[in-house]
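Asks: Sharing target32.txt (compact mmCIF, C-alpha atoms) below.
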```txt
# COMPACT_ATOMS: atom_id res chain seq x y z
CA MET A 45 8.01 10.92 -37.08
CA LEU A 46 9.88 10.52 -33.81
CA PRO A 47 11.03 6.99 -32.95
CA TYR A 48 9.47 7.25 -29.47
CA SER A 49 6.58 9.09 -27.82
CA PHE A 50 6.25 9.99 -24.15
CA VAL A 51 3.82 7.87 -22.13
CA GLY A 52 4.95 9.12 -18.73
CA GLN A 53 7.51 11.03 -16.74
CA ALA A 54 7.83 11.66 -13.03
CA THR A 55 10.12 12.73 -10.22
CA TYR A 56 10.07 10.86 -6.93
CA ILE A 57 12.19 10.95 -3.77
CA ASN A 58 13.17 7.72 -2.07
CA GLY A 59 12.80 7.34 1.66
CA ALA A 60 15.63 6.49 4.03
CA THR A 61 14.44 2.88 3.69
CA LEU A 62 13.96 1.85 0.09
CA ALA A 63 10.53 0.76 -1.11
CA SER A 64 9.23 -0.12 -4.56
CA VAL A 65 7.53 2.72 -6.45
CA ASN A 66 4.48 2.62 -8.72
CA VAL A 67 4.61 5.27 -11.46
CA PRO A 68 1.42 5.89 -13.53
CA VAL A 69 1.77 5.83 -17.34
CA SER A 70 -0.74 6.47 -20.12
CA ASP A 71 0.09 3.35 -22.16
CA GLN A 72 2.22 0.24 -22.15
CA ALA A 73 5.79 1.43 -22.62
CA ASP A 74 8.52 0.08 -24.91
CA TRP A 75 11.41 1.81 -23.15
CA VAL A 76 11.65 2.87 -19.51
CA TYR A 77 14.51 4.41 -17.56
CA VAL A 78 15.13 6.00 -14.19
CA LYS A 79 18.08 8.20 -13.19
CA ASP A 80 19.48 9.07 -9.76
CA ILE A 81 20.14 12.82 -10.00
CA THR A 82 21.28 13.08 -6.37
CA ASN A 83 24.16 10.61 -6.58
CA TRP A 84 25.11 10.98 -10.26
CA GLY A 85 28.88 11.48 -10.33
CA ALA A 86 29.16 11.65 -6.53
CA ALA A 87 32.33 10.40 -4.88
CA SER A 88 30.70 7.46 -3.13
CA THR A 89 29.65 3.93 -3.89
CA ALA A 90 26.01 3.69 -4.95
CA ALA A 91 24.44 0.56 -3.50
CA ASN A 92 21.97 0.60 -6.38
CA PRO A 93 22.53 1.62 -10.00
CA ILE A 94 22.40 5.36 -10.62
CA TYR A 95 20.75 4.61 -13.97
CA ALA A 96 18.47 1.69 -14.82
CA GLU A 97 16.41 0.91 -17.92
CA TRP A 98 14.07 -1.74 -19.31
CA TYR A 99 12.93 -2.84 -22.78
CA PRO A 100 9.72 -4.90 -22.25
CA LEU A 101 9.73 -6.27 -25.82
CA THR A 102 12.92 -8.23 -25.25
CA MET A 103 13.34 -8.29 -21.46
CA ALA A 104 11.37 -10.24 -18.86
CA PRO A 105 9.20 -8.47 -16.26
CA GLY A 106 11.22 -7.55 -13.18
CA SER A 107 14.54 -7.36 -15.04
CA PHE A 108 16.72 -4.32 -15.70
CA LEU A 109 19.95 -3.02 -17.22
CA GLY A 110 21.89 -0.56 -15.10
CA ILE A 111 24.88 1.68 -14.68
CA GLY A 112 26.66 1.68 -11.32
CA GLN A 113 29.57 3.72 -10.04
CA ASN A 114 32.63 3.00 -7.94
CA SER A 115 33.76 5.13 -5.02
CA SER A 116 36.58 7.60 -5.51
CA ALA A 117 38.35 10.35 -3.61
CA THR A 118 37.18 13.02 -6.06
CA PRO A 119 33.98 13.29 -8.10
CA ASP A 120 35.78 13.69 -11.43
CA ALA A 121 37.53 10.35 -10.86
CA VAL A 122 34.32 8.36 -10.45
CA THR A 123 34.18 5.38 -12.80
CA MET A 124 31.00 3.75 -14.01
CA TYR A 125 30.27 0.13 -14.86
CA ALA A 126 27.44 -1.84 -16.44
CA THR A 127 25.20 -4.06 -14.35
CA ARG A 128 22.03 -6.07 -14.88
CA GLY A 129 19.48 -8.11 -12.96
CA THR A 130 16.52 -10.43 -13.45
CA SER A 131 14.53 -9.32 -10.40
CA GLY A 132 13.78 -6.11 -8.52
CA GLY A 133 13.64 -4.14 -11.78
CA PHE A 134 10.68 -2.90 -13.86
CA THR A 135 7.25 -4.48 -14.28
CA PHE A 136 4.26 -3.13 -16.22
CA PHE A 137 0.83 -3.55 -14.61
CA ASN A 138 -2.65 -3.26 -16.06
CA PRO A 139 -4.94 -3.16 -12.97
CA ASN A 140 -7.92 -4.16 -15.11
CA SER A 141 -6.17 -7.46 -15.78
CA PRO A 142 -3.56 -7.77 -13.01
CA PRO A 143 -1.10 -10.64 -12.71
CA THR A 144 -1.74 -13.34 -10.16
CA TYR A 145 0.75 -14.75 -7.68
CA ALA A 146 1.08 -18.14 -6.07
CA ALA A 147 0.32 -18.56 -2.38
CA LEU A 148 3.46 -18.73 -0.24
CA PRO A 149 3.56 -20.67 3.04
CA GLY A 150 4.22 -18.95 6.34
CA THR A 151 5.18 -20.83 9.48
CA ALA A 152 4.04 -18.33 12.13
CA ILE A 153 2.47 -14.92 12.77
CA ASN A 154 3.39 -13.02 15.91
CA ALA A 155 0.12 -11.75 17.40
CA THR A 156 1.77 -8.56 18.71
CA THR A 157 4.36 -7.51 16.12
CA LEU A 158 2.56 -9.10 13.14
CA VAL A 159 5.83 -10.46 11.82
CA VAL A 160 5.02 -13.35 9.45
CA LEU A 161 7.80 -15.93 9.22
CA MET A 162 8.31 -17.15 5.66
CA ALA A 163 11.17 -19.26 4.28
CA ASN A 164 10.29 -17.91 0.83
CA THR A 165 9.04 -14.32 0.52
CA GLY A 166 8.95 -14.52 -3.29
CA THR A 167 8.49 -11.10 -4.91
CA ILE A 168 6.81 -9.52 -1.87
CA ALA A 169 8.25 -6.05 -1.24
CA VAL A 170 7.57 -3.13 1.08
CA GLY A 171 4.35 -1.44 0.00
CA ASP A 172 2.80 -4.58 -1.50
CA THR A 173 -0.66 -5.76 -0.48
CA VAL A 174 -1.08 -9.34 0.72
CA LYS A 175 -3.98 -11.51 1.82
CA LEU A 176 -3.74 -13.95 4.75
CA ILE A 177 -5.43 -17.30 4.12
CA ASN A 178 -6.25 -19.80 6.90
CA PRO A 179 -3.92 -18.52 9.64
CA THR A 180 -3.97 -21.47 12.04
CA ALA A 181 -4.96 -20.43 15.60
CA MET A 182 -5.65 -16.90 14.29
CA LEU A 183 -8.59 -17.51 11.96
CA GLN A 184 -10.17 -14.22 13.02
CA ILE A 185 -7.86 -12.46 10.54
CA GLY A 186 -8.34 -15.03 7.78
CA GLY A 187 -8.80 -13.19 4.48
CA LEU A 188 -7.32 -9.98 5.88
CA GLN A 189 -5.82 -7.68 3.25
CA ALA A 190 -2.86 -5.79 4.66
CA GLN A 191 0.02 -3.67 3.41
CA VAL A 192 3.57 -4.90 3.95
CA THR A 193 5.76 -2.44 5.87
CA ALA A 194 9.02 -4.43 6.12
CA VAL A 195 10.59 -7.44 4.41
CA THR A 196 13.56 -9.58 5.37
CA PRO A 197 14.00 -11.66 2.21
CA ASN A 198 13.23 -15.35 2.73
CA VAL A 199 12.85 -14.77 6.47
CA SER A 200 9.78 -12.65 7.20
CA ILE A 201 7.39 -9.87 6.27
CA THR A 202 5.88 -7.35 8.70
CA LEU A 203 2.30 -6.05 8.65
CA GLY A 204 2.97 -2.82 10.50
CA TYR A 205 -0.51 -1.32 10.12
CA VAL A 206 -2.03 -4.31 11.90
CA ALA A 207 0.65 -4.08 14.61
CA SER A 208 -0.34 -0.43 15.18
CA ALA A 209 -3.94 -1.50 15.75
CA VAL A 210 -2.69 -4.07 18.27
CA ALA A 211 -0.79 -1.30 20.05
CA ALA A 212 -4.04 0.70 20.16
CA GLY A 213 -6.01 -2.15 21.75
CA LEU A 214 -6.69 -4.91 19.21
CA SER A 215 -6.14 -8.37 20.72
CA LEU A 216 -5.49 -11.31 18.40
CA GLY A 217 -4.91 -13.93 21.08
CA ALA A 218 -2.37 -16.65 20.39
CA ASN A 219 0.28 -16.59 17.68
CA ALA A 220 -0.61 -18.25 14.38
CA THR A 221 1.30 -21.44 13.66
CA ALA A 222 0.79 -21.55 9.88
CA VAL A 223 -0.65 -19.36 7.11
CA SER A 224 -0.76 -18.94 3.35
CA VAL A 225 0.24 -15.48 2.08
CA ILE A 226 -0.93 -14.28 -1.34
CA LYS A 227 0.41 -11.10 -2.92
CA PHE A 228 -2.10 -9.34 -5.17
CA ILE A 229 -2.65 -6.08 -7.03
CA PRO A 230 -5.72 -4.36 -5.54
CA GLY A 231 -8.24 -2.51 -7.67
CA ASN A 232 -8.26 1.26 -7.39
CA PHE A 233 -11.90 2.21 -7.19
CA TYR A 234 -11.89 5.35 -5.05
CA PRO A 235 -12.64 5.63 -2.21
CA ARG A 236 -12.18 2.01 -1.18
CA LYS A 237 -13.82 0.20 1.69
CA ARG A 238 -11.43 -0.87 4.41
CA GLN A 239 -11.49 -3.74 6.89
CA VAL A 240 -11.73 -2.45 10.44
CA LEU A 241 -9.12 -3.69 12.92
CA PHE A 242 -10.05 -1.71 16.02
CA ILE A 243 -12.33 1.10 17.20
CA THR A 244 -11.64 3.03 20.37
CA GLN A 245 -14.25 3.88 23.00
CA ALA A 246 -13.91 7.66 23.06
CA ALA A 247 -15.80 10.94 22.63
CA GLN A 248 -14.44 10.96 19.06
CA ALA A 249 -13.80 7.35 18.09
CA VAL A 250 -10.63 6.36 16.22
CA VAL A 251 -10.99 3.58 13.64
CA TYR A 252 -7.88 1.59 12.63
CA PHE A 253 -7.28 -0.20 9.31
CA SER A 254 -4.84 -2.77 7.93
CA GLN A 255 -3.60 -0.59 5.05
CA PRO A 256 -3.67 3.09 4.03
CA ASN A 257 -7.18 4.47 3.57
CA ASP A 258 -8.69 6.89 1.02
CA PHE A 259 -11.16 8.65 3.32
CA THR A 260 -11.05 12.44 3.62
CA PRO A 261 -12.16 14.92 6.30
CA GLY A 262 -15.86 15.65 5.94
CA GLU A 263 -16.66 12.38 4.18
CA ILE A 264 -19.63 10.34 5.41
CA VAL A 265 -18.84 6.69 6.18
CA ASP A 266 -20.84 3.74 7.46
CA PHE A 267 -20.01 0.43 9.09
CA SER A 268 -20.92 -3.23 8.77
CA ILE A 269 -19.81 -4.90 11.98
CA PRO A 270 -20.96 -8.50 12.62
CA SER A 271 -22.14 -9.17 16.17
CA PRO A 272 -19.10 -11.26 17.27
CA TYR A 273 -16.97 -8.08 17.07
CA GLY A 274 -19.13 -5.95 19.34
CA MET A 275 -19.83 -2.21 18.84
CA THR A 276 -22.72 -3.01 16.52
CA GLN A 277 -24.21 0.35 17.55
CA LEU A 278 -22.15 1.84 14.67
CA ASN A 279 -23.90 -0.28 12.05
CA TYR A 280 -25.92 1.15 9.18
CA LEU A 281 -26.49 4.66 10.55
CA THR A 282 -27.11 6.19 7.12
CA GLY A 283 -30.67 7.52 7.17
CA GLN A 284 -31.01 7.06 10.93
CA PRO A 285 -31.54 9.97 13.37
CA GLY A 286 -28.20 11.72 13.69
CA GLY A 287 -26.98 10.23 10.44
CA ALA A 288 -23.90 8.22 9.55
CA PRO A 289 -20.50 9.09 11.00
CA ARG A 290 -18.50 11.95 9.50
CA VAL A 291 -14.72 11.78 9.18
CA LEU A 292 -12.98 14.47 11.23
CA SER A 293 -9.35 13.63 10.49
CA VAL A 294 -7.28 11.03 8.66
CA THR A 295 -3.95 9.41 9.53
CA ASN A 296 -1.83 7.58 6.94
CA SER A 297 1.72 7.20 8.22
CA ALA A 298 4.34 4.54 7.52
CA THR A 299 2.61 2.10 9.89
CA VAL A 300 -0.68 3.69 11.03
CA SER A 301 -3.89 4.02 9.04
CA SER A 302 -6.89 5.45 10.89
CA ILE A 303 -9.75 7.92 10.84
CA THR A 304 -11.32 9.89 13.67
CA ILE A 305 -15.11 10.13 13.46
CA ASN A 306 -17.68 12.40 15.09
CA VAL A 307 -19.30 9.61 17.11
CA ASN A 308 -19.04 9.21 20.88
CA THR A 309 -18.49 5.49 21.40
CA SER A 310 -17.69 5.74 25.12
CA GLY A 311 -20.87 3.89 26.07
CA TYR A 312 -20.85 1.44 23.17
CA THR A 313 -20.05 -2.25 23.42
CA PRO A 314 -16.24 -2.67 23.19
CA PHE A 315 -14.90 -3.59 19.75
CA VAL A 316 -13.13 -6.96 20.10
CA TYR A 317 -12.02 -9.45 17.47
CA PRO A 318 -13.53 -12.91 18.14
CA SER A 319 -11.42 -15.91 19.00
CA SER A 320 -9.99 -18.11 16.27
CA ALA A 321 -12.47 -20.86 17.18
CA LEU A 322 -15.48 -18.54 16.88
CA ALA A 323 -14.20 -17.08 13.63
CA ALA A 324 -14.03 -20.61 12.21
CA THR A 325 -17.80 -21.00 12.61
CA SER A 326 -19.10 -17.57 11.61
CA ALA A 327 -17.75 -14.05 11.51
CA SER A 328 -17.54 -11.97 8.37
CA PRO A 329 -14.92 -9.21 8.62
CA PRO A 330 -16.02 -5.77 9.87
CA VAL A 331 -15.71 -3.04 7.23
CA CYS A 332 -15.95 0.73 6.92
CA VAL A 333 -17.47 1.93 3.63
CA PRO A 334 -17.83 5.34 1.95
CA ALA A 335 -21.43 6.52 2.30
CA GLY A 336 -21.59 10.06 0.93
CA SER A 337 -20.11 13.52 0.76
CA GLY A 338 -20.11 15.89 3.69
CA ILE A 339 -18.89 19.32 4.70
CA VAL A 340 -15.28 19.67 5.73
CA PRO A 341 -14.97 20.01 9.53
CA LEU A 342 -13.08 22.88 11.12
CA ASN A 343 -9.81 21.55 12.61
CA GLY A 344 -11.33 18.23 13.58
CA SER A 345 -14.43 19.73 15.19
CA ALA A 346 -17.35 17.33 15.49
CA THR A 347 -19.92 20.10 14.96
CA ILE A 348 -18.33 23.20 13.41
CA PRO A 349 -17.83 23.23 9.60
CA GLN A 350 -15.04 24.93 7.76
CA SER A 351 -15.80 28.60 7.24
CA PRO A 352 -16.67 29.47 4.58
CA PRO A 353 -18.06 25.98 3.85
CA GLY A 354 -16.08 24.12 1.22
CA THR A 355 -17.19 21.51 -1.28
CA ASN A 356 -15.46 18.24 -0.47
CA LEU A 357 -14.51 17.19 -4.00
CA LEU A 358 -11.83 14.84 -2.68
CA ASP A 359 -14.41 12.30 -1.57
CA ALA A 360 -15.93 11.89 -5.05
CA PHE A 361 -16.42 8.30 -6.20
CA ASP A 362 -14.09 7.43 -9.05
CA ASN A 363 -12.57 4.48 -10.86
CA ARG A 364 -8.86 5.28 -10.69
CA ASN A 365 -7.53 2.07 -12.21
CA GLN A 366 -4.68 3.02 -14.51
CA TYR A 367 -1.59 1.57 -16.11
CA PHE A 368 1.52 1.83 -13.98
CA ILE A 369 5.10 0.61 -13.91
CA ASN A 370 6.44 -0.84 -10.70
CA ILE A 371 10.11 -0.06 -10.04
CA GLY A 372 11.55 -2.73 -7.75
CA LEU A 373 14.12 -2.41 -5.00
CA ASN A 374 17.11 -3.11 -7.28
CA ALA A 375 16.29 -0.33 -9.76
CA VAL A 376 14.36 2.21 -7.69
CA GLY A 377 17.51 4.17 -6.81
CA ASN A 378 19.35 4.89 -3.58
CA PRO A 379 18.06 5.94 -0.14
CA SER A 380 16.94 9.60 0.09
CA ALA A 381 17.79 10.18 -3.58
CA THR A 382 15.76 12.29 -5.98
CA MET A 383 14.92 10.19 -9.03
CA GLN A 384 13.77 11.07 -12.54
CA PHE A 385 11.59 8.59 -14.42
CA PHE A 386 10.77 8.50 -18.15
CA ALA A 387 8.69 6.05 -20.20
CA PHE A 388 8.36 5.94 -23.98
CA LYS A 389 6.35 4.03 -26.57
CA ALA A 390 7.80 3.21 -29.98
CA ASP A 391 6.08 4.65 -33.04
CA TRP A 392 7.28 1.63 -34.99
CA THR A 393 9.00 -1.65 -34.19
CA ASN A 394 11.33 -3.68 -36.41
CA LEU A 395 11.69 -7.18 -35.05
CA THR A 396 13.50 -8.66 -38.04
CA ASN A 397 16.25 -6.10 -38.56
CA ALA A 398 17.28 -8.11 -41.62
```
Would you kindly transcribe this structure into structure tokens?

Replies:
Amino acid sequence: MLPYSFVGQATYINGATLASVNVPVSDQADWVYVKDITNWGAASTAANPIYAEWYPLTMAPGSFLGIGQNSSATPDAVTMYATRGTSGGFTFFNPNSPPTYAALPGTAINATTLVVLMANTGTIAVGDTVKLINPTAMLQIGGLQAQVTAVTPNVSITLGYVASAVAAGLSLGANATAVSVIKFIPGNFYPRKRQVLFITQAAQAVVYFSQPNDFTPGEIVDFSIPSPYGMTQLNYLTGQPGGAPRVLSVTNSATVSSITINVNTSGYTPFVYPSSALAATSASPPVCVPAGSGIVPLNGSATIPQSPPGTNLLDAFDNRNQYFINIGLNAVGNPSATMQFFAFKADWTNLTNA
């Protein structure tokens, strides 16, 4: 019997700006390590360890052991040294029973850049999902779930997807003067509904969201837009003459999440977020929901299907909750590096070692 069994392996490539990485695994692991195969033995100083590992049985979540390297004039003269940390390392997550996080106070939200000032950013990292609770003077985005696109530790976080919607036309009025920010692990039922931030008035409307979306070209979607937001003409079109909107194209970039739909909204009531005062009295958030499978459009055409027609299996409904290990910013590797990840589970454990 082998002392360990594989429960996951992966290769990932870091971006120029480091972000935490979630790696799926088939079971809770007893030993995890990640190796930087780009910078291993290179004649340069690695800002992060080139090797990091974690033993969940004896080490706290978020911690890590690592191997770093010093700079040298020649690769064969590189020296390595041991390092360790208690944060920014490895954490195991079970999405069916995710951990909870305390609310952290924010002192302001810029209504244009969506920079949230926070004296304590806690464990919030780029790529995390947060919820905004009671943003003073900006209650219209109270309860908003948004993905974090930048973090300055203990200074601020940035909600870049929301800022992109503002650039497209969303108006949030005055800056918020206080807010509570809660980090959470979202469920992964696919495809997920998304809160709508803005909808353009165009021959093919563009719908903006606060975090990456799971919609696919050809998918049928529907909308629930309360009257204070306008553009209620898009509501509940499933089963109506003409049918519900069909997705023509999808955008998920570093800061923009949107879909283009085959609906001409040029003559519709403008989509506008209500004021903070109105939101305080009544205004549920507007959402876009998956409503069915459709044919894949040809190059974004509103009327012409792909030829020959294809079955759009990507928009199937599915519960994709699964175990994963989050690799934090201190163990994820170095910018632009190719990383190898391995996770193992012990076939037996001896805690006494008498």

Asks: Which one is closest to A:Asn154: A:Thr295, A:Gln189, A:Asn114, A:Asn219? Count all atoms listed in the file.

Replies: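 Looking at the shortest contact to A:Asn154, the residue is A:Asn219.
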
Asks: For A:Val300, which residue out of A:Thr55, A:Asn232, A:Thr193, A:Gln384 is the nearest one, using only C-alpha atoms?

Replies: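 Using only C-alpha atoms, the shortest distance to A:Val300 belongs to A:Thr193.
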
Asks: Give as a PyMOL selection string each residue that has an atom at most 7 Å from (6.3, -12.7, 5.8) in the file, counting only C-alpha atoms.

Replies: chain A and resi 150+159-162+165+195+199-202

Asks: For A:Ile348, which of A:Pro334, A:Gly287, A:Gly274, A:Gly262 is the closest residue, counting all atoms listed in the file?

Replies: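 Going through A:Pro334, A:Gly287, A:Gly274, A:Gly262 one by one, the smallest distance to A:Ile348 is for A:Gly262.
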
Asks: Contacts of stretch 167-182 of chain A at 7 Å or less, counting all atoms listed in the file, minus same-chain residues fewer than 4 places along, as JSON, numbers by chain?

Replies: {"A": [63, 64, 186, 187, 188, 189, 190, 191, 192, 193, 194, 195, 216, 218, 219, 220, 221, 222, 223, 224, 225, 226, 227, 228, 229, 320]}

Asks: Stretch 162-237 of chain A near stretch 315-318 of chain A within 9 Å: what's each residue's closest atom pair and its distance in Å to one decimal, counting only C-alpha atoms, ordered by chain then ascending residue number, as a tab-separated table?

Replies:
```
residue	atom	partner	partner_atom	distance
A:Gln184	CA	A:Pro318	CA	6.3
A:Ile185	CA	A:Tyr317	CA	8.6
A:Gly213	CA	A:Val316	CA	8.7
A:Leu214	CA	A:Val316	CA	6.8
A:Ser215	CA	A:Tyr317	CA	6.8
A:Leu216	CA	A:Tyr317	CA	6.9
```

Asks: I need the chosen residues saved as a PDB file, keeping the file's coordinate frame, with C-alpha atoms.

Replies:
```
ATOM      1  CA  GLN A 184     -10.170 -14.220  13.020  1.00  0.00           C
ATOM      2  CA  ILE A 185      -7.860 -12.460  10.540  1.00  0.00           C
ATOM      3  CA  GLY A 213      -6.010  -2.150  21.750  1.00  0.00           C
ATOM      4  CA  LEU A 214      -6.690  -4.910  19.210  1.00  0.00           C
ATOM      5  CA  SER A 215      -6.140  -8.370  20.720  1.00  0.00           C
ATOM      6  CA  LEU A 216      -5.490 -11.310  18.400  1.00  0.00           C
TER       7      LEU A 216
END
```

Asks: Could you list as a PDB file with C-alpha atoms, keeping the file's coordinate frame every residue that has an atom within 8 Å of (17.1, -2.0, -17.3), using the file's coordinates and counting all atoms listed in the file?

Replies:
```pdb
ATOM      1  CA  VAL A  76      11.650   2.870 -19.510  1.00  0.00           C
ATOM      2  CA  TYR A  77      14.510   4.410 -17.560  1.00  0.00           C
ATOM      3  CA  ALA A  96      18.470   1.690 -14.820  1.00  0.00           C
ATOM      4  CA  GLU A  97      16.410   0.910 -17.920  1.00  0.00           C
ATOM      5  CA  TRP A  98      14.070  -1.740 -19.310  1.00  0.00           C
ATOM      6  CA  TYR A  99      12.930  -2.840 -22.780  1.00  0.00           C
ATOM      7  CA  SER A 107      14.540  -7.360 -15.040  1.00  0.00           C
ATOM      8  CA  PHE A 108      16.720  -4.320 -15.700  1.00  0.00           C
ATOM      9  CA  LEU A 109      19.950  -3.020 -17.220  1.00  0.00           C
ATOM     10  CA  GLY A 110      21.890  -0.560 -15.100  1.00  0.00           C
ATOM     11  CA  ARG A 128      22.030  -6.070 -14.880  1.00  0.00           C
ATOM     12  CA  GLY A 129      19.480  -8.110 -12.960  1.00  0.00           C
ATOM     13  CA  GLY A 133      13.640  -4.140 -11.780  1.00  0.00           C
ATOM     14  CA  PHE A 134      10.680  -2.900 -13.860  1.00  0.00           C
ATOM     15  CA  ALA A 375      16.290  -0.330  -9.760  1.00  0.00           C
TER      16      ALA A 375
END
```

Asks: Fewer than 4 positions away in the same chain doesn't count, so skip those; otherwise give me all residues within 8 Å of A:Val240, counting all atoms listed in the file, as a list in words.

Replies: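 Residues near the query, excluding close chain neighbours: Val251, Tyr252, Phe253, Ser254, Pro329, Pro330, Val331 and Cys332 of chain A.
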
Asks: For each of A:Ala60, A:Trp75, A:Thr123, A:Gly336, take the minimum atom-to-atom distance to A:Leu101, counting all atoms listed in the file, then give the residue where this is smallest.

Replies: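 With all atoms listed in the file as the atom set, the closest residue is A:Trp75.
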
Asks: Kindly indicate which residue among A:Asn374, A:Ser319, A:Gln72, A:Asn306 lies nearest to A:Thr127, using all atoms listed in the file for the distances.

Replies: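 With all atoms listed in the file as the atom set, the closest residue is A:Asn374.
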
Asks: Could you state the separation of atom CA of A:Pro272 and atom CA of A:Ser301 in Å, given to one decimal place?

Replies: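 A separation of 23.1 Å between them.
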
Asks: For A:Phe368, which of A:Gly106, A:Ser337, A:Ala54, A:Pro139 is the closest residue, counting only C-alpha atoms?

Replies: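 Nearest candidate to A:Phe368 out of A:Gly106, A:Ser337, A:Ala54, A:Pro139: A:Pro139.
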
Asks: Tell me which protein, DNA and RNA residues are within 12 Å of A:Gly59, counting only C-alpha atoms, leaving out same-chain ones fewer than 5 positions away, and put them as a count of residues only.

Replies: 13

Asks: With a distance cut-off of 8 Å and only C-alpha atoms, select the neighbouring residues of A:Tyr125, excluding the residue or stretch itself and same-chain residues fewer than 3 positions from it, and output the selection as a ChimeraX atom specification.

Replies: /A:111-114

Asks: Would you save the residues of that selection, restricted to C-alpha atoms, as a CSV table (one decimal), in the frame of the given file?

Replies:
```
chain,number,residue,atom,x,y,z
A,111,ILE,CA,24.9,1.7,-14.7
A,112,GLY,CA,26.7,1.7,-11.3
A,113,GLN,CA,29.6,3.7,-10.0
A,114,ASN,CA,32.6,3.0,-7.9
```
